[in-house]
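Heads up, the thing below is written out as structure tokens.
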Amino acid sequence: MAMLEVQDLHVAFPRGKRDEVEALRGVNLQLEKGERLGVVGESGAGKSMLAFAILNLIAAPGRVSQGRVMFHGQDLLKLSDRKIRGIRGNRISMIFQDPMVTLNPVLTIGTQMIETLKAHRRISDRDARKLCIERLKQVAIPSAESRMDAYPHELSGGLRQRVVIAIALLTDPELIIADEPTTALDVTIQAEIMSLILKLCRENDVALILITHDLGVVAEVTERIMIMYAGLCVEEGPTKQIITAPRHPYTSGLLKALPQNAGRGQRLYQIPGSMPPITALPRGCAYHPRCEFADNGCRTRIPPLQGGVACFNPLKGASS
Amino acid sequence: MHILAFLIRRAAQAMVVMFVISIIGFSIQDNLGDPLRELVGQSVSEAEREALRDELGLNDPFLVQYARFLGNAVQGDLGTSYFFKRPAIEVILDKFPATFELVLGAVFIFVSVSIPAGIYCAIHRDSWLSRIIMTGSIVGISIPVFLTAIFMVWLFGVELGWLPAFGRGDTVTLPWGWDTGFLTWDGISHLILPSITLSSIMLPLFIRLIRAEMLEAMGTDYVRFARAKGLSTWRVRYVHAFRNTLLPVVTVGGLMIGTLIAYTILTETVFQWPGMGFLFLEAVNRVDTPLIIAYIIVVGLIFVVVNTIVDFIYTLINPMVKLPGAKG
């Protein structure tokens, strides 16, 4: 049995008094212990929804309308408030996108770290403090002791994200969900933070779900990739296979759009059009208006995910 | 040391403010009518009146009069009340405990109602109780304070007869000469209606402010992150969200204390509360110019002191604001 198994997950938001729109339209996902999965897609594809839904943290008025999130065989969505709190931040941690707003501005770094430990462990203040300082050193924060009494605004963005990573690692979790952990950072810091996350996951045998829109980053860090489009998974498979031989036209488009894949002096490739909002999805495959291979079947039916790709006219993979 | 630097700076600022207040306060004296009419009877002849004016220095040029006033004021002498024939500052300070306790009562009611109500309305935003509170607060904002006061006098004082509707009741004099109404049941029961009336001015506004700020804080990323860390609901709400709503609440609250003091005039008049506000209104009716000016200056001083305290509290709860002189 996989460590984490998301089955047919739907997230819905109310539209008007009775109607609902779906931000996730039935997503499946499997993750083994220590495995690193990249979830890739444009803004609005439902990547963050997936991350928050796994921990049952979808903010009202949104709700998980269908599906299961099995973690070691128990459905996280069915747990009591108290029990799910015992999992959040303890066995499954999150790293948020923007470190400038993730930490509470009126509490010291130490307070925000120690409270996490105290929520999950019986531990004395002194031991908690010691452990926190140790973790801060692990994420390479200089003069860790004095940072414990600092407020978030006294730290740079990169340092703050290191603190957030240290908090995520505090309780030796089995899984870290990182929601675009480098998007809000300076380009020069991005690589540092990403390699730090990778290193710590490897050293501590922590599984990782890395949510990003950057295929380049995913290629370096993860073992498997899941491509999302308009609330559905459109392609899934080993990282290497997807990067070298994408089968869904959307994945292929994303790869072609990477600057390193364009020749010198050439115009960068663009996928024509933009992703439809969840309130106005086209019939059939949500990607068909932008797809050069679309036929009548694509316009009427939603292609099921079969053999790692959800497409009626997939490109030829490397194997075939 | 930082606190000392802060206090010195604020004291300098306060002196400028007090100087301006003294000019404004003093310059209205010519526009309040003839103090001689109150001082002397009808039978006094015009020549005698003129002599008295000279003696009181009322015929001197404005600047001369002001300089004399300022010179005395810095020595703690704000003039002698025409009516009480006692130093104006003494007359006012005699009434200060009554006003102070009224404001204290109002602040107590106001804090113990607005914070729970605001938080409740933010957390259970769609419940019927928060709808009632929110609707009630709109009504509350729109009703003028003298109407609330008179209504309460009529209902609780006259019709139901539950609570006394005027005066301060029994007071106990503390060793340092402070008359307190807090120590007797009679004193407390007299305090209830005026305090509620006074607090009703800001209460609706504050419930709405706290609700709005709390709602905003509950939607922030750091509150989401706090939940993702597996913290208890209590800790997420009160340690993470509520601490952040305190910042704007203290800011607005500090400004509103001034309004509160201003409204004591109305409240004290309706409830015949023997405080500074009531005294001030009497002084205006009697054209007791020194007393009016002294009141303005004392209230100005209270303002400055309160705002300094609020600023100081603000630096304690907001780590991003440092006292001037502190590093960082």
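Starting from 1 in every chain, residues are counted up; chains themselves are A, B, ... following the order of the structure tokens, and ligands are numbered from 1 as listed.
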
With chain A as the partner and 10 Å as the cut-off, tabulate the residues of chain B that qualify, each row holding the nearest pair of atoms and their distance in Å to one decimal, using only C-alpha atoms, sorted by chain and rising number, as a tab-separated table.
```
residue	atom	partner	partner_atom	distance
B:Gly219	CA	A:Ala59	CA	8.5
B:Thr220	CA	A:Val101	CA	7.7
B:Asp221	CA	A:Thr102	CA	5.2
B:Tyr222	CA	A:Thr102	CA	4.4
B:Val223	CA	A:Asn104	CA	7.6
B:Arg224	CA	A:Leu57	CA	8.0
B:Phe225	CA	A:Thr102	CA	6.2
B:Ala226	CA	A:Thr116	CA	8.4
B:Arg227	CA	A:Arg88	CA	7.7
B:Ala228	CA	A:Arg88	CA	5.5
B:Lys229	CA	A:Gly89	CA	3.8
B:Gly230	CA	A:Arg85	CA	4.4
B:Leu231	CA	A:Ala119	CA	5.8
B:Ser232	CA	A:Arg85	CA	7.4
B:Thr233	CA	A:Asp81	CA	9.2
B:Arg235	CA	A:Glu115	CA	9.2
B:Val239	CA	A:Leu107	CA	8.8
B:His240	CA	A:Asn104	CA	6.8
B:Ala241	CA	A:Asn104	CA	8.8
B:Arg243	CA	A:Val106	CA	7.3
B:Asn244	CA	A:Val106	CA	6.9
B:Leu247	CA	A:Val106	CA	9.7
B:Ile317	CA	A:Val106	CA	7.3
B:Asn318	CA	A:Val106	CA	6.2
B:Pro319	CA	A:Val106	CA	6.0
B:Met320	CA	A:His153	CA	7.1
B:Gly328	CA	A:Glu154	CA	8.5
```

Kindly save the residues from that selection, with N, CA, C and O atoms included, as a compact mmCIF listing (two decimals), in the first residue's frame.
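What landed in selection10.txt:
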```
# COMPACT_ATOMS: atom_id res chain seq x y z
N GLY B 219 -7.98 35.30 7.34
CA GLY B 219 -7.76 34.90 5.95
C GLY B 219 -6.31 35.00 5.50
O GLY B 219 -6.00 34.71 4.35
N THR B 220 -5.41 35.41 6.39
CA THR B 220 -4.02 35.60 5.96
C THR B 220 -3.28 34.28 5.86
O THR B 220 -3.70 33.26 6.39
N ASP B 221 -2.15 34.33 5.17
CA ASP B 221 -1.32 33.14 5.00
C ASP B 221 -0.75 32.66 6.32
O ASP B 221 -0.61 31.47 6.54
N TYR B 222 -0.40 33.61 7.22
CA TYR B 222 0.22 33.12 8.44
C TYR B 222 -0.77 32.38 9.33
O TYR B 222 -0.39 31.50 10.09
N VAL B 223 -2.06 32.72 9.22
CA VAL B 223 -3.05 31.96 9.96
C VAL B 223 -3.24 30.58 9.32
O VAL B 223 -3.34 29.56 9.99
N ARG B 224 -3.24 30.55 7.99
CA ARG B 224 -3.29 29.27 7.27
C ARG B 224 -2.11 28.39 7.64
O ARG B 224 -2.24 27.20 7.87
N PHE B 225 -0.94 29.02 7.70
CA PHE B 225 0.28 28.27 8.04
C PHE B 225 0.18 27.75 9.47
O PHE B 225 0.57 26.63 9.76
N ALA B 226 -0.35 28.59 10.37
CA ALA B 226 -0.52 28.18 11.76
C ALA B 226 -1.42 26.94 11.82
O ALA B 226 -1.17 26.01 12.58
N ARG B 227 -2.47 26.93 11.00
CA ARG B 227 -3.34 25.76 10.96
C ARG B 227 -2.61 24.56 10.38
O ARG B 227 -2.74 23.44 10.86
N ALA B 228 -1.81 24.82 9.34
CA ALA B 228 -1.07 23.73 8.71
C ALA B 228 -0.03 23.14 9.65
O ALA B 228 0.44 22.03 9.45
N LYS B 229 0.37 23.92 10.68
CA LYS B 229 1.33 23.41 11.64
C LYS B 229 0.64 22.51 12.67
O LYS B 229 1.30 21.94 13.52
N GLY B 230 -0.69 22.45 12.60
CA GLY B 230 -1.42 21.57 13.51
C GLY B 230 -1.70 22.20 14.86
O GLY B 230 -1.92 21.49 15.83
N LEU B 231 -1.69 23.52 14.94
CA LEU B 231 -1.96 24.19 16.22
C LEU B 231 -3.45 24.09 16.55
O LEU B 231 -4.29 23.90 15.68
N SER B 232 -3.76 24.24 17.85
CA SER B 232 -5.16 24.16 18.26
C SER B 232 -5.93 25.36 17.73
O SER B 232 -5.35 26.42 17.46
N THR B 233 -7.23 25.17 17.57
CA THR B 233 -8.08 26.26 17.07
C THR B 233 -7.93 27.49 17.94
O THR B 233 -7.87 28.61 17.45
N ARG B 235 -5.37 28.49 19.74
CA ARG B 235 -4.10 29.16 19.52
C ARG B 235 -4.09 29.91 18.18
O ARG B 235 -3.59 31.02 18.07
N VAL B 239 -3.83 33.56 19.54
CA VAL B 239 -2.41 33.94 19.53
C VAL B 239 -2.02 34.47 18.14
O VAL B 239 -1.31 35.46 18.03
N HIS B 240 -2.51 33.82 17.08
CA HIS B 240 -2.09 34.25 15.75
C HIS B 240 -2.97 35.33 15.15
O HIS B 240 -2.47 36.36 14.72
N ALA B 241 -4.28 35.11 15.11
CA ALA B 241 -5.15 36.09 14.45
C ALA B 241 -5.41 37.30 15.33
O ALA B 241 -5.20 38.44 14.92
N ARG B 243 -3.93 38.66 17.94
CA ARG B 243 -2.82 39.56 18.24
C ARG B 243 -2.58 40.56 17.13
O ARG B 243 -2.17 41.69 17.35
N ASN B 244 -2.86 40.14 15.90
CA ASN B 244 -2.68 41.06 14.79
C ASN B 244 -3.83 42.05 14.65
O ASN B 244 -3.64 43.13 14.10
N LEU B 247 -3.39 45.62 16.70
CA LEU B 247 -2.65 46.80 16.26
C LEU B 247 -3.58 47.93 15.82
O LEU B 247 -3.54 49.02 16.39
N ILE B 317 3.25 46.11 21.39
CA ILE B 317 2.57 45.01 20.71
C ILE B 317 2.95 44.90 19.24
O ILE B 317 2.68 43.90 18.62
N ASN B 318 3.58 45.90 18.68
CA ASN B 318 3.99 45.80 17.28
C ASN B 318 5.50 45.80 17.17
O ASN B 318 6.15 46.83 17.31
N PRO B 319 6.09 44.62 16.94
CA PRO B 319 7.54 44.53 16.89
C PRO B 319 8.16 45.33 15.75
O PRO B 319 9.36 45.58 15.76
N MET B 320 7.33 45.73 14.77
CA MET B 320 7.89 46.47 13.64
C MET B 320 8.06 47.95 13.95
O MET B 320 8.68 48.68 13.20
N GLY B 328 18.01 49.30 15.16
CA GLY B 328 17.26 48.48 14.20
C GLY B 328 16.21 49.17 13.46
O GLY B 328 15.58 50.09 13.62
```

Tell me, as a PDB file with N, CA and C atoms, in the first residue's frame, which residues lie within 10 Å of region 190-199 of chain A, counting only C-alpha atoms; anything in the same chain fewer than 5 positions away does not count.
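Generated output (result14.pdb):
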```pdb
ATOM      1  N   ARG A  36       9.635  11.532  -4.328  1.00  0.00           N
ATOM      2  CA  ARG A  36       9.445  12.955  -4.614  1.00  0.00           C
ATOM      3  C   ARG A  36       8.648  13.133  -5.892  1.00  0.00           C
ATOM      4  N   GLN A 138      20.610  23.359  10.733  1.00  0.00           N
ATOM      5  CA  GLN A 138      20.503  22.428   9.604  1.00  0.00           C
ATOM      6  C   GLN A 138      20.123  23.118   8.308  1.00  0.00           C
ATOM      7  N   VAL A 139      19.293  24.149   8.412  1.00  0.00           N
ATOM      8  CA  VAL A 139      18.911  24.851   7.187  1.00  0.00           C
ATOM      9  C   VAL A 139      19.872  26.008   6.919  1.00  0.00           C
ATOM     10  N   ALA A 140      21.037  25.958   7.565  1.00  0.00           N
ATOM     11  CA  ALA A 140      22.128  26.889   7.300  1.00  0.00           C
ATOM     12  C   ALA A 140      21.761  28.339   7.587  1.00  0.00           C
ATOM     13  N   GLY A 158      14.910  35.036   1.826  1.00  0.00           N
ATOM     14  CA  GLY A 158      15.564  33.731   1.766  1.00  0.00           C
ATOM     15  C   GLY A 158      15.685  33.100   3.141  1.00  0.00           C
ATOM     16  N   LEU A 159      16.069  33.925   4.124  1.00  0.00           N
ATOM     17  CA  LEU A 159      16.196  33.413   5.493  1.00  0.00           C
ATOM     18  C   LEU A 159      14.851  32.981   6.038  1.00  0.00           C
ATOM     19  N   GLN A 161      12.337  31.855   4.351  1.00  0.00           N
ATOM     20  CA  GLN A 161      11.929  30.582   3.781  1.00  0.00           C
ATOM     21  C   GLN A 161      12.717  29.444   4.426  1.00  0.00           C
ATOM     22  N   ARG A 162      13.962  29.713   4.808  1.00  0.00           N
ATOM     23  CA  ARG A 162      14.738  28.700   5.528  1.00  0.00           C
ATOM     24  C   ARG A 162      14.085  28.399   6.873  1.00  0.00           C
ATOM     25  N   ILE A 165      11.170  26.234   6.283  1.00  0.00           N
ATOM     26  CA  ILE A 165      11.622  24.860   6.030  1.00  0.00           C
ATOM     27  C   ILE A 165      12.024  24.184   7.345  1.00  0.00           C
ATOM     28  N   ALA A 166      12.702  24.960   8.193  1.00  0.00           N
ATOM     29  CA  ALA A 166      13.092  24.408   9.494  1.00  0.00           C
ATOM     30  C   ALA A 166      11.862  24.016  10.296  1.00  0.00           C
ATOM     31  N   LEU A 169      10.460  20.798   9.076  1.00  0.00           N
ATOM     32  CA  LEU A 169      11.265  19.617   9.413  1.00  0.00           C
ATOM     33  C   LEU A 169      11.259  19.299  10.898  1.00  0.00           C
ATOM     34  N   ILE A 176       6.485  16.197   3.062  1.00  0.00           N
ATOM     35  CA  ILE A 176       6.425  17.655   3.019  1.00  0.00           C
ATOM     36  C   ILE A 176       5.732  18.050   1.729  1.00  0.00           C
ATOM     37  N   ALA A 178       5.340  21.119  -0.564  1.00  0.00           N
ATOM     38  CA  ALA A 178       5.914  22.443  -0.793  1.00  0.00           C
ATOM     39  C   ALA A 178       5.172  23.120  -1.938  1.00  0.00           C
ATOM     40  N   PRO A 181       7.693  26.739  -3.401  1.00  0.00           N
ATOM     41  CA  PRO A 181       8.523  27.283  -2.312  1.00  0.00           C
ATOM     42  C   PRO A 181       9.536  28.330  -2.758  1.00  0.00           C
ATOM     43  N   THR A 182       9.779  28.447  -4.060  1.00  0.00           N
ATOM     44  CA  THR A 182      10.811  29.398  -4.482  1.00  0.00           C
ATOM     45  C   THR A 182      10.266  30.518  -5.344  1.00  0.00           C
ATOM     46  N   THR A 183       8.971  30.482  -5.648  1.00  0.00           N
ATOM     47  CA  THR A 183       8.402  31.446  -6.592  1.00  0.00           C
ATOM     48  C   THR A 183       8.588  32.891  -6.144  1.00  0.00           C
ATOM     49  N   ALA A 184       8.464  33.128  -4.816  1.00  0.00           N
ATOM     50  CA  ALA A 184       8.488  34.509  -4.331  1.00  0.00           C
ATOM     51  C   ALA A 184       9.900  34.999  -4.029  1.00  0.00           C
ATOM     52  N   LEU A 185      10.894  34.150  -4.288  1.00  0.00           N
ATOM     53  CA  LEU A 185      12.260  34.517  -3.909  1.00  0.00           C
ATOM     54  C   LEU A 185      13.062  35.065  -5.089  1.00  0.00           C
ATOM     55  N   ASN A 204      16.792  12.873   5.270  1.00  0.00           N
ATOM     56  CA  ASN A 204      15.855  12.402   6.296  1.00  0.00           C
ATOM     57  C   ASN A 204      14.823  11.431   5.748  1.00  0.00           C
ATOM     58  N   ASP A 205      14.989  11.032   4.497  1.00  0.00           N
ATOM     59  CA  ASP A 205      14.060  10.106   3.860  1.00  0.00           C
ATOM     60  C   ASP A 205      12.616  10.616   3.951  1.00  0.00           C
ATOM     61  N   VAL A 206      12.425  11.883   3.604  1.00  0.00           N
ATOM     62  CA  VAL A 206      11.097  12.495   3.635  1.00  0.00           C
ATOM     63  C   VAL A 206      10.531  12.517   2.218  1.00  0.00           C
ATOM     64  N   LEU A 208       8.222  14.066  -0.772  1.00  0.00           N
ATOM     65  CA  LEU A 208       7.991  15.467  -1.119  1.00  0.00           C
ATOM     66  C   LEU A 208       6.955  15.576  -2.229  1.00  0.00           C
ATOM     67  N   LEU A 210       6.145  18.484  -4.608  1.00  0.00           N
ATOM     68  CA  LEU A 210       6.623  19.807  -4.982  1.00  0.00           C
ATOM     69  C   LEU A 210       5.676  20.398  -6.015  1.00  0.00           C
ATOM     70  N   VAL A 217      12.734  23.156 -12.608  1.00  0.00           N
ATOM     71  CA  VAL A 217      12.999  22.809 -11.216  1.00  0.00           C
ATOM     72  C   VAL A 217      12.591  21.368 -10.940  1.00  0.00           C
ATOM     73  N   VAL A 218      11.385  21.006 -11.413  1.00  0.00           N
ATOM     74  CA  VAL A 218      10.873  19.662 -11.168  1.00  0.00           C
ATOM     75  C   VAL A 218      11.817  18.620 -11.727  1.00  0.00           C
ATOM     76  N   GLU A 220      14.922  18.620 -11.977  1.00  0.00           N
ATOM     77  CA  GLU A 220      16.122  18.397 -11.170  1.00  0.00           C
ATOM     78  C   GLU A 220      15.829  17.696  -9.854  1.00  0.00           C
ATOM     79  N   VAL A 221      14.630  17.918  -9.301  1.00  0.00           N
ATOM     80  CA  VAL A 221      14.387  17.505  -7.926  1.00  0.00           C
ATOM     81  C   VAL A 221      13.574  16.217  -7.801  1.00  0.00           C
ATOM     82  N   THR A 222      12.618  16.000  -8.702  1.00  0.00           N
ATOM     83  CA  THR A 222      11.636  14.945  -8.432  1.00  0.00           C
ATOM     84  C   THR A 222      11.892  13.678  -9.241  1.00  0.00           C
TER      85      THR A 222
END
```

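Reported to one decimal place, the separation of CA of Gly258 (chain B) from CA of Asp179 (chain B) is 23.2 Å.
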
Among region 99-311 of chain A, which ones does DSSP assign to strand (DSSP E or B) (computed from the backbone)? Answer as a VMD selection string.
chain A and resid 175 to 179 207 to 212 224 to 229 232 to 238 306 309

The distance between CA of Trp128 (chain B) and CA of Lys78 (chain A) is 28.3 Å

Distance query region 9-21 of chain B at most 8 Å, only C-alpha atoms, self and fewer than 3 positions along chain excluded, as a PyMOL selection string
chain B and resi 5-6+24-25+296-297+300-301+304+308

I need the residues from that last selection saved to file as a tab-separated table (two decimals), in the first residue's frame (with C-alpha atoms), if you can.
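The resulting result-v6.tsv:
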```tsv
chain	number	residue	atom	x	y	z
B	5	ALA	CA	14.69	59.01	25.08
B	6	PHE	CA	11.14	58.35	23.97
B	24	ILE	CA	-6.46	78.88	21.53
B	25	GLY	CA	-7.96	78.48	24.99
B	296	ILE	CA	-9.52	73.25	28.08
B	297	ILE	CA	-5.93	73.08	29.21
B	300	GLY	CA	-5.59	69.02	26.44
B	301	LEU	CA	-3.04	67.68	28.89
B	304	VAL	CA	-1.44	64.38	25.28
B	308	THR	CA	1.69	59.11	24.63
```

Mind listing the alpha helix (DSSP H) residues of region 50-221 of chain A, per DSSP on the backbone, as number ranges by chain?
A: 50-54, 81-87, 99-102, 109-120, 125-138, 144-147, 157-169, 187-204, 215-221

Using only C-alpha atoms, which residues of region 61-125 of chain B come within 8 Å of region 271-282 of chain B, and what is the closest atom pair for each, with the distance in Å to one decimal? Give it as a Markdown table, sorted by chain and residue number.
```
| residue | atom | partner | partner_atom | distance |
| --- | --- | --- | --- | --- |
| B:Ile92 | CA | B:Met276 | CA | 6.2 |
| B:Lys95 | CA | B:Gly275 | CA | 4.7 |
| B:Phe96 | CA | B:Met276 | CA | 5.9 |
| B:Pro97 | CA | B:Gly275 | CA | 7.5 |
| B:Ala98 | CA | B:Gly275 | CA | 4.9 |
| B:Thr99 | CA | B:Gly275 | CA | 4.8 |
```

Write out the residues from the selection above, keeping C-alpha atoms, as an mmCIF file, in the first residue's frame.
```cif
data_model
loop_
_atom_site.group_PDB
_atom_site.id
_atom_site.type_symbol
_atom_site.label_atom_id
_atom_site.label_comp_id
_atom_site.auth_asym_id
_atom_site.auth_seq_id
_atom_site.Cartn_x
_atom_site.Cartn_y
_atom_site.Cartn_z
ATOM 1 C CA ILE B 92 -11.295 71.192 38.226
ATOM 2 C CA LYS B 95 -14.040 67.020 39.888
ATOM 3 C CA PHE B 96 -11.423 64.946 38.092
ATOM 4 C CA PRO B 97 -11.995 61.658 40.023
ATOM 5 C CA ALA B 98 -15.678 61.636 39.050
ATOM 6 C CA THR B 99 -14.920 62.027 35.362
#
```

9 Å contact set for Pro314 (chain A), only C-alpha atoms, chain neighbours under 3 positions out, as a ChimeraX atom specification:
/A:246-249,293,309-311,317

Write out the residues from the selection above, keeping N, CA and C atoms, as a CSV table (one decimal), in the first residue's frame.
```csv
chain,number,residue,atom,x,y,z
A,246,PRO,N,7.3,13.6,-23.8
A,246,PRO,CA,5.9,13.9,-23.4
A,246,PRO,C,4.9,13.4,-24.3
A,247,ARG,N,3.8,13.0,-23.8
A,247,ARG,CA,2.7,12.4,-24.7
A,247,ARG,C,1.5,13.3,-24.8
A,248,HIS,N,1.3,14.1,-23.7
A,248,HIS,CA,0.1,15.0,-23.9
A,248,HIS,C,0.6,16.2,-24.6
A,249,PRO,N,-0.3,16.7,-25.5
A,249,PRO,CA,0.1,17.9,-26.3
A,249,PRO,C,0.4,19.1,-25.3
A,293,PHE,N,-4.1,19.1,-32.1
A,293,PHE,CA,-4.5,17.8,-32.6
A,293,PHE,C,-6.0,17.5,-32.3
A,309,VAL,N,-1.6,9.1,-19.5
A,309,VAL,CA,-1.9,10.3,-20.2
A,309,VAL,C,-3.4,10.4,-20.5
A,310,ALA,N,-4.0,11.6,-20.3
A,310,ALA,CA,-5.4,11.8,-20.6
A,310,ALA,C,-5.6,12.5,-21.9
A,311,CYS,N,-5.5,11.7,-23.0
A,311,CYS,CA,-5.6,12.3,-24.3
A,311,CYS,C,-6.1,11.3,-25.3
A,317,GLY,N,5.2,8.5,-27.5
A,317,GLY,CA,6.2,8.5,-26.5
A,317,GLY,C,7.5,7.9,-27.0
```
